[in-house]
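Report on one structure; see the data block that follows.
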Amino acid sequence: MKLALISDAWRPQVNGVVTTLSRICEGARQRGHQVETFTPDCYRNWPCPGYPEIRLALGCGSRLPSQLDAFAPDAIHIATEGPLGMAARRYCLQRRLPFTTSFHTRFAEYVNLRTRLPLRWGYAALRWFHRPSVRVMAPTPTQVSDLRARGFRNLVLWSRGVDTTLFAPRGKARIDDVRPVFMYVGRLAVEKGLDDFLRLDLPGVKYVVGDGPSRTELQKRYPDVRFLGYRCGLDLAETISAADVFVFPSRTDTFGLVMLEALAAGVPVAAYPVPGPQDVITDPSVGCLDHDLRAAALRALELRSEDCRKFAERFTWDRCTEQFLGYLAPISR
């Protein structure tokens, strides 16, 4: 099969969306499929306002049709709702080709937090984008239910995986500091709720791994917090493993793949009882969900590393890839 994957989110971004798409491309190729990715690095691009690490493809609307015609895919998947996603959607509709889409990011909530644009307007735009899709892949049962209640159709559950070889218990020696270590890993942006974590009165020390538009302000506001910047690969895996509790303060994530990475490293999770964490932390022996985030973080200290690791081993990229391939809509030629 020749698969065209269109995504506005791609390397060098470091996030769960890019990790997921990279792994399913790798898995599809290992199964003998030909995968062509259409991403911002293939075009002239411009940094997204407020998110400079996100590049927006310019001029893709004029170039993408001829590129897709030349590739002649057997299936088309549109992963994002940005300029490339819009161009691919238009291409498919003009040629009456079936396509699938996926719902990775709660953009309506993100835009609402930054601009106060009503949620109903944001979801109306997203509903319009996904309406022609043969299947809309969403990462959790809660997300499927929420989108269905908002009028989305053709929804299917597409779970996630974790690299349990890379993310594994590696001891605590990487961080030589007072204990316990409470850690957050991810983008530093307003929608991630970092203030909820960093203002907590907790024993030990807080670590923040990642970067983003809020970093400078957060460093000024919380001088006692250790900000490490971006980490990736083995460096990231060793850093996560050195934490005692992984704190996930976001209320807007659709899944939160980094929680699985922490669990695979044997680190228990503390989070709010909201969509995303509710779908990942389904066993109280691996994480604590509480509207009182401090209480959740302190209780998580009592959980066993081996239980976290065993739980994470159930989430494989092989299963994720098989689900994805099974949902694709074949193009008849």
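Ordering of the structure tokens sets the chain letters (A, B, ...), residue numbers begin anew at 1 in every chain, and ligands are numbered from 1 in the order given.
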Taking the chain letters and numbering used in this document, name the residues of region 169-217 of chain A that DSSP puts in helix (DSSP H, G or I), as a short mmCIF file (atom, residue, chain, number, x, y, z; two decimals) with C-alpha atoms, in the first residue's frame.
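And here is the file that came out, part_35.cif:
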data_model
loop_
_atom_site.label_atom_id
_atom_site.label_comp_id
_atom_site.auth_asym_id
_atom_site.auth_seq_id
_atom_site.Cartn_x
_atom_site.Cartn_y
_atom_site.Cartn_z
CA VAL A 190 -0.22 28.54 29.22
CA GLU A 191 -2.48 25.64 28.25
CA LYS A 192 -0.26 23.16 30.11
CA LEU A 194 2.39 24.76 34.84
CA ASP A 195 1.49 27.31 37.52
CA ASP A 196 -0.77 24.74 39.17
CA PHE A 197 2.27 22.50 39.68
CA LEU A 198 5.03 25.02 40.35
CA ARG A 215 9.68 29.51 29.98
CA THR A 216 11.19 32.95 30.63
CA GLU A 217 8.24 34.11 32.70
#
Shell of 12 Å around region 120-131 of chain A, only C-alpha atoms, local chain residues under 5 positions omitted, as a count of residues only: 44
Nearest to Asp244 (chain A), chosen from A:Gln94, A:Ser305, A:Thr19, A:Gln219, with only C-alpha atoms counted in the distances: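 That would be A:Ser305, the residue with the smallest distance to Asp244 (chain A).
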Selection: 12 Å around Ser285 (chain A), only C-alpha atoms, excl. self and same-chain fewer than 3 positions, as number ranges by chain: A: 263, 266-270, 281-282, 288-289, 299-312
Atomic distance CA of Arg55 (chain A) - CA of Asp8 (chain A), expressed in Å with one decimal: 7.5 Å
Among the residues A:Pro12, A:Gly326, A:Pro275, A:Pro40, the one that comes closest to Thr140 (chain A) [using only C-alpha atoms]: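 Smallest separation from Thr140 (chain A) among the options: A:Pro275.
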Who sits within 6 Å of region 28-34 of chain A, only C-alpha atoms, same chain under 2 positions skipped, as a list in words: Met1, Lys2, Ile24, Cys25 and Glu26 of chain A
If we count only C-alpha atoms and set the cut-off at 7 Å, which residues sit around region 57-67 of chain A, ignoring sequence neighbours fewer than 4 positions away in its own chain? Please answer as a compact mmCIF listing (two decimals) with N, CA and C atoms, in the first residue's frame.
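The resulting result.txt:
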# COMPACT_ATOMS: atom_id res chain seq x y z
N PRO A 40 5.68 20.36 6.96
CA PRO A 40 6.13 21.73 6.69
C PRO A 40 7.55 21.87 6.17
N TYR A 43 8.19 22.49 2.43
CA TYR A 43 7.71 23.73 1.82
C TYR A 43 8.38 24.93 2.49
N ARG A 44 8.25 26.08 1.84
CA ARG A 44 8.60 27.31 2.53
C ARG A 44 7.70 27.41 3.75
N ASN A 45 8.26 27.76 4.90
CA ASN A 45 7.43 27.76 6.11
C ASN A 45 7.73 28.96 6.98
N TRP A 46 6.84 29.18 7.93
CA TRP A 46 6.90 30.36 8.79
C TRP A 46 6.54 29.95 10.21
N PHE A 71 2.42 10.91 -6.56
CA PHE A 71 2.60 9.78 -5.66
C PHE A 71 1.51 8.73 -5.85
N PRO A 83 -2.51 24.45 7.74
CA PRO A 83 -2.48 24.74 6.30
C PRO A 83 -2.33 23.50 5.43
N LEU A 84 -1.44 22.58 5.80
CA LEU A 84 -1.28 21.36 5.01
C LEU A 84 -2.53 20.49 5.08
N ALA A 87 -5.18 21.97 2.86
CA ALA A 87 -4.88 21.76 1.44
C ALA A 87 -5.18 20.31 1.04
N TYR A 91 -8.00 18.90 -1.60
CA TYR A 91 -7.58 18.00 -2.69
C TYR A 91 -8.50 16.78 -2.75
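Nearest-residue note for Pro277 (chain A): choosing from A:Thr254, A:Ser145, A:Thr39, A:Ser22, the minimum distance belongs to A:Thr254, counting only C-alpha atoms.
Between CA of Ala295 (chain A) and CA of Val144 (chain A) there is a distance of 29.2 Å.
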